[in-house]
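Text of coords-v7.pdb, listed as PDB, C-alpha atoms, pLDDT in the B column:
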```pdb
ATOM      1  CA  MET A 294       2.349   8.084   6.567  1.00 73.00           C
ATOM      2  CA  ALA A 295       0.077   6.460   3.962  1.00 79.00           C
ATOM      3  CA  PHE A 296       2.065   3.220   4.050  1.00 87.00           C
ATOM      4  CA  GLN A 297       1.770   3.110   7.852  1.00 95.00           C
ATOM      5  CA  LEU A 298      -1.995   3.586   7.550  1.00 97.00           C
ATOM      6  CA  GLU A 299      -2.233   0.837   4.941  1.00 97.00           C
ATOM      7  CA  GLU A 300      -0.454  -1.554   7.303  1.00 97.00           C
ATOM      8  CA  LEU A 301      -2.595  -0.498  10.275  1.00 98.00           C
ATOM      9  CA  SER A 302      -5.736  -1.052   8.215  1.00 98.00           C
ATOM     10  CA  LEU A 303      -4.597  -4.616   7.495  1.00 98.00           C
ATOM     11  CA  GLU A 304      -3.864  -5.160  11.194  1.00 98.00           C
ATOM     12  CA  LEU A 305      -7.368  -3.896  11.942  1.00 98.00           C
ATOM     13  CA  ILE A 306      -8.892  -6.395   9.543  1.00 98.00           C
ATOM     14  CA  ASP A 307      -6.827  -9.146  11.159  1.00 98.00           C
ATOM     15  CA  ALA A 308      -8.144  -8.075  14.576  1.00 98.00           C
ATOM     16  CA  LEU A 309     -11.735  -8.047  13.288  1.00 98.00           C
ATOM     17  CA  VAL A 310     -11.619 -11.517  11.705  1.00 98.00           C
ATOM     18  CA  PRO A 311     -12.371 -13.485  14.894  1.00 98.00           C
ATOM     19  CA  LEU A 312     -15.179 -11.072  15.851  1.00 98.00           C
ATOM     20  CA  MET A 313     -17.042 -11.079  12.567  1.00 98.00           C
ATOM     21  CA  PRO A 314     -18.712 -14.525  12.762  1.00 98.00           C
ATOM     22  CA  ARG A 315     -20.168 -13.739  16.187  1.00 98.00           C
ATOM     23  CA  ILE A 316     -21.442 -10.357  14.999  1.00 98.00           C
ATOM     24  CA  LYS A 317     -22.841 -11.900  11.811  1.00 98.00           C
ATOM     25  CA  ASN A 318     -24.720 -14.576  13.797  1.00 98.00           C
ATOM     26  CA  ARG A 319     -26.564 -11.870  15.711  1.00 98.00           C
ATOM     27  CA  ASP A 320     -26.699  -8.961  13.240  1.00 98.00           C
ATOM     28  CA  LYS A 321     -25.828  -9.698   9.623  1.00 98.00           C
ATOM     29  CA  ALA A 322     -26.321  -6.073   8.542  1.00 98.00           C
ATOM     30  CA  LEU A 323     -23.964  -4.722  11.204  1.00 98.00           C
ATOM     31  CA  GLU A 324     -21.325  -7.308  10.296  1.00 98.00           C
ATOM     32  CA  ASP A 325     -21.587  -6.287   6.637  1.00 98.00           C
ATOM     33  CA  GLN A 326     -21.325  -2.604   7.577  1.00 98.00           C
ATOM     34  CA  ILE A 327     -18.189  -3.217   9.649  1.00 98.00           C
ATOM     35  CA  ARG A 328     -16.640  -5.299   6.862  1.00 98.00           C
ATOM     36  CA  ARG A 329     -17.289  -2.661   4.192  1.00 98.00           C
ATOM     37  CA  ALA A 330     -16.213   0.293   6.336  1.00 98.00           C
ATOM     38  CA  ALA A 331     -13.021  -1.406   7.540  1.00 98.00           C
ATOM     39  CA  SER A 332     -12.095  -2.411   3.982  1.00 98.00           C
ATOM     40  CA  SER A 333     -12.736   1.129   2.793  1.00 98.00           C
ATOM     41  CA  ILE A 334     -10.096   2.561   5.131  1.00 98.00           C
ATOM     42  CA  GLY A 335      -7.128   0.831   3.526  1.00 97.00           C
ATOM     43  CA  LEU A 336      -8.494   1.055  -0.005  1.00 98.00           C
ATOM     44  CA  ASN A 337      -8.931   4.829   0.213  1.00 98.00           C
ATOM     45  CA  VAL A 338      -5.539   5.344   1.871  1.00 97.00           C
ATOM     46  CA  ALA A 339      -3.879   3.254  -0.856  1.00 96.00           C
ATOM     47  CA  GLU A 340      -5.627   5.279  -3.536  1.00 96.00           C
ATOM     48  CA  ALA A 341      -4.595   8.540  -1.861  1.00 96.00           C
ATOM     49  CA  ALA A 342      -0.936   7.523  -1.931  1.00 92.00           C
ATOM     50  CA  LEU A 343      -0.671   8.032  -5.696  1.00 92.00           C
ATOM     51  CA  SER A 344      -3.426  10.582  -6.269  1.00 94.00           C
ATOM     52  CA  ASP A 345      -3.116  14.223  -7.233  1.00 95.00           C
ATOM     53  CA  PRO A 346      -3.391  16.673  -4.298  1.00 92.00           C
ATOM     54  CA  GLY A 347      -7.142  17.274  -4.634  1.00 90.00           C
ATOM     55  CA  ASN A 348      -8.059  13.604  -4.891  1.00 96.00           C
ATOM     56  CA  LYS A 349      -5.507  12.729  -2.203  1.00 96.00           C
ATOM     57  CA  ARG A 350      -7.267  15.018   0.250  1.00 95.00           C
ATOM     58  CA  ALA A 351     -10.684  13.600  -0.664  1.00 97.00           C
ATOM     59  CA  ARG A 352      -9.502   9.988  -0.275  1.00 97.00           C
ATOM     60  CA  PHE A 353      -8.007  10.712   3.153  1.00 97.00           C
ATOM     61  CA  HIS A 354     -11.292  12.304   4.227  1.00 98.00           C
ATOM     62  CA  THR A 355     -13.218   9.280   2.969  1.00 98.00           C
ATOM     63  CA  ALA A 356     -10.817   6.970   4.825  1.00 98.00           C
ATOM     64  CA  ALA A 357     -11.329   9.038   7.984  1.00 98.00           C
ATOM     65  CA  GLY A 358     -15.096   8.749   7.657  1.00 98.00           C
ATOM     66  CA  SER A 359     -14.824   5.004   7.154  1.00 98.00           C
ATOM     67  CA  ALA A 360     -12.539   4.702  10.181  1.00 98.00           C
ATOM     68  CA  ARG A 361     -15.036   6.513  12.409  1.00 98.00           C
ATOM     69  CA  GLU A 362     -17.833   4.398  10.960  1.00 98.00           C
ATOM     70  CA  THR A 363     -15.876   1.227  11.758  1.00 98.00           C
ATOM     71  CA  GLN A 364     -15.157   2.484  15.261  1.00 98.00           C
ATOM     72  CA  HIS A 365     -18.767   3.302  15.998  1.00 98.00           C
ATOM     73  CA  ALA A 366     -20.117   0.096  14.437  1.00 98.00           C
ATOM     74  CA  LEU A 367     -17.740  -1.934  16.583  1.00 98.00           C
ATOM     75  CA  ARG A 368     -18.888  -0.023  19.657  1.00 98.00           C
ATOM     76  CA  GLN A 369     -22.476  -0.833  18.665  1.00 98.00           C
ATOM     77  CA  ALA A 370     -21.583  -4.520  18.415  1.00 98.00           C
ATOM     78  CA  ILE A 371     -20.271  -4.265  21.975  1.00 98.00           C
ATOM     79  CA  ALA A 372     -23.326  -2.342  23.165  1.00 98.00           C
ATOM     80  CA  TRP A 373     -25.618  -4.981  21.630  1.00 98.00           C
ATOM     81  CA  ARG A 374     -23.445  -7.596  23.382  1.00 98.00           C
ATOM     82  CA  HIS A 375     -22.588  -9.348  20.141  1.00 98.00           C
ATOM     83  CA  VAL A 376     -18.958  -9.281  21.351  1.00 98.00           C
ATOM     84  CA  SER A 377     -17.343  -8.217  24.616  1.00 98.00           C
ATOM     85  CA  ALA A 378     -15.244  -5.095  25.051  1.00 98.00           C
ATOM     86  CA  GLY A 379     -12.344  -7.328  26.035  1.00 98.00           C
ATOM     87  CA  ASP A 380     -12.634  -9.356  22.851  1.00 98.00           C
ATOM     88  CA  ALA A 381     -12.783  -6.175  20.758  1.00 98.00           C
ATOM     89  CA  GLU A 382      -9.967  -4.385  22.622  1.00 98.00           C
ATOM     90  CA  ARG A 383      -7.275  -4.915  19.967  1.00 98.00           C
ATOM     91  CA  ALA A 384      -9.540  -3.819  17.104  1.00 98.00           C
ATOM     92  CA  LEU A 385     -10.725  -0.751  19.024  1.00 98.00           C
ATOM     93  CA  GLY A 386      -7.154   0.254  19.825  1.00 98.00           C
ATOM     94  CA  LEU A 387      -6.126  -0.029  16.185  1.00 98.00           C
ATOM     95  CA  VAL A 388      -9.119   1.883  14.876  1.00 98.00           C
ATOM     96  CA  ARG A 389      -8.561   4.657  17.453  1.00 98.00           C
ATOM     97  CA  ARG A 390      -4.968   4.938  16.252  1.00 98.00           C
ATOM     98  CA  ILE A 391      -6.086   5.071  12.615  1.00 98.00           C
ATOM     99  CA  VAL A 392      -8.685   7.746  13.403  1.00 98.00           C
ATOM    100  CA  ALA A 393      -6.064   9.842  15.233  1.00 98.00           C
ATOM    101  CA  ILE A 394      -3.580   9.666  12.341  1.00 97.00           C
ATOM    102  CA  LEU A 395      -6.245  10.491   9.776  1.00 98.00           C
ATOM    103  CA  TRP A 396      -7.436  13.396  11.938  1.00 97.00           C
ATOM    104  CA  LYS A 397      -3.918  14.843  11.853  1.00 97.00           C
ATOM    105  CA  ILE A 398      -3.673  14.350   8.091  1.00 95.00           C
ATOM    106  CA  THR A 399      -7.060  15.890   7.329  1.00 96.00           C
ATOM    107  CA  HIS A 400      -6.886  18.738   9.868  1.00 94.00           C
ATOM    108  CA  GLY A 401      -3.161  19.471   9.991  1.00 81.00           C
TER     109      GLY A 401
END
```
Would you give me this structure, written as structure tokens?
Amino acid sequence: MAFQLEELSLELIDALVPLMPRIKNRDKALEDQIRRAASSIGLNVAEAALSDPGNKRARFHTAAGSARETQHALRQAIAWRHVSAGDAERALGLVRRIVAILWKITHG
């Protein structure tokens, strides 16, 4: 499951790449927040993969928080009309999938 999440987090970053310059042009702080939160997802999942049970759980929870943060920040970018919902559709779909998987891991 962790490997799948790592790959999905990279797909998410790939989906965000074309959106980031437009967001940055209008809201540099929001762009930075999205970049850091999205990067945090994969980094924490990768760390969890080889952690002891206690740290593994904590890293998955951190990844889940970062995923929700990314999701909401992207929705804010849409609400502020920095990007359109259509342009962000792929990224939103990926982040929803990541959130759902992490929810199962952290609450299952």
For segment 304-325 of chain A versus segment 359-378 of chain A, which residues have an atom no more than 9 Å away, and what is each residue's nearest atom pair and distance in Å rounded to one decimal, using all atoms listed in the file, chain-then-number order, as CSV?
```
residue,atom,partner,partner_atom,distance
A:Leu312,CA,A:Val376,CA,6.9
A:Arg315,CA,A:His375,CA,6.4
A:Ile316,CA,A:His375,CA,5.4
A:Lys317,CA,A:His375,CA,8.7
A:Asn318,CA,A:His375,CA,8.5
A:Arg319,CA,A:His375,CA,6.5
A:Asp320,CA,A:His375,CA,8.0
A:Leu323,CA,A:Ala366,CA,7.0
A:Glu324,CA,A:Ala366,CA,8.6
```
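Checking A:Ala342, A:Ala356, A:Leu395, A:Leu387 one by one against Leu303 of chain A, counting all atoms listed in the file, you find the shortest gap at A:Leu387.
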As lines of an AutoDock Vina configuration file, please report the centre and edge lengths, rounded to one decimal in Å, of the axis-aligned box that holds all listed atoms of segment 374-379 of chain A with 4 Å of padding on each of the six sides.
```
center_x = -17.9
center_y = -7.2
center_z = 23.1
size_x = 19.1
size_y = 12.3
size_z = 13.9
```
Residues picked by the PyMOL selection byres ((chain A and resi 391) around 10) here, as a PDB file with C-alpha atoms, in the coordinates of the input?
```pdb
ATOM      1  CA  GLN A 297       1.770   3.110   7.852  1.00 95.00           C
ATOM      2  CA  LEU A 298      -1.995   3.586   7.550  1.00 97.00           C
ATOM      3  CA  GLU A 299      -2.233   0.837   4.941  1.00 97.00           C
ATOM      4  CA  LEU A 301      -2.595  -0.498  10.275  1.00 98.00           C
ATOM      5  CA  SER A 302      -5.736  -1.052   8.215  1.00 98.00           C
ATOM      6  CA  LEU A 305      -7.368  -3.896  11.942  1.00 98.00           C
ATOM      7  CA  ILE A 334     -10.096   2.561   5.131  1.00 98.00           C
ATOM      8  CA  ALA A 356     -10.817   6.970   4.825  1.00 98.00           C
ATOM      9  CA  ALA A 357     -11.329   9.038   7.984  1.00 98.00           C
ATOM     10  CA  ALA A 360     -12.539   4.702  10.181  1.00 98.00           C
ATOM     11  CA  ARG A 361     -15.036   6.513  12.409  1.00 98.00           C
ATOM     12  CA  GLN A 364     -15.157   2.484  15.261  1.00 98.00           C
ATOM     13  CA  LEU A 385     -10.725  -0.751  19.024  1.00 98.00           C
ATOM     14  CA  GLY A 386      -7.154   0.254  19.825  1.00 98.00           C
ATOM     15  CA  LEU A 387      -6.126  -0.029  16.185  1.00 98.00           C
ATOM     16  CA  VAL A 388      -9.119   1.883  14.876  1.00 98.00           C
ATOM     17  CA  ARG A 389      -8.561   4.657  17.453  1.00 98.00           C
ATOM     18  CA  ARG A 390      -4.968   4.938  16.252  1.00 98.00           C
ATOM     19  CA  VAL A 392      -8.685   7.746  13.403  1.00 98.00           C
ATOM     20  CA  ALA A 393      -6.064   9.842  15.233  1.00 98.00           C
ATOM     21  CA  ILE A 394      -3.580   9.666  12.341  1.00 97.00           C
ATOM     22  CA  LEU A 395      -6.245  10.491   9.776  1.00 98.00           C
ATOM     23  CA  TRP A 396      -7.436  13.396  11.938  1.00 97.00           C
TER      24      TRP A 396
END
```
*To one decimal place, how far is atom CA of Phe296 of chain A from atom CA of Arg329 of chain A in Å?*
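Computed distance, atom CA of Phe296 of chain A to atom CA of Arg329 of chain A, equals 20.2 Å.
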*For the atom pair atom CA of His354 of chain A and atom CA of Ser332 of chain A, what is the interatomic distance in Å to one decimal place?*
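According to the coordinates, atom CA of His354 of chain A and atom CA of Ser332 of chain A are separated by 14.7 Å.
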_Shortest interatomic distance to Phe353 of chain A - which of A:Ile398, A:Ile306, A:Met294, A:Ala384, counting all atoms listed in the file_ =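 Checking each of A:Ile398, A:Ile306, A:Met294, A:Ala384 against Phe353 of chain A, counting all atoms listed in the file, the winner is A:Ile398.
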_Between atom CA of Asn337 of chain A and atom CA of Arg352 of chain A, what is the distance in Å, rounded to a tenth?_
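These two atoms are separated by 5.2 Å.
The closest residue to Thr355 of chain A, picked from A:Glu382, A:Thr399, A:Ile327, A:Leu343 and counting all atoms listed in the file, is A:Thr399.
The smallest atom-to-atom distance between Leu309 of chain A and any of A:Ala322, A:Val338, A:Ala351, A:Ala331, using only C-alpha atoms, is found for A:Ala331.
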*Between A:Arg383, A:Arg350, A:Gly335, A:Ala341, single out the one closest to Ala308 of chain A, counting all atoms listed in the file.*
A:Arg383
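In this comparison, which uses all atoms listed in the file, the residue of A:Met313, A:Leu336, A:Ala295, A:Ala330 approaching Asp380 of chain A most closely is A:Met313.
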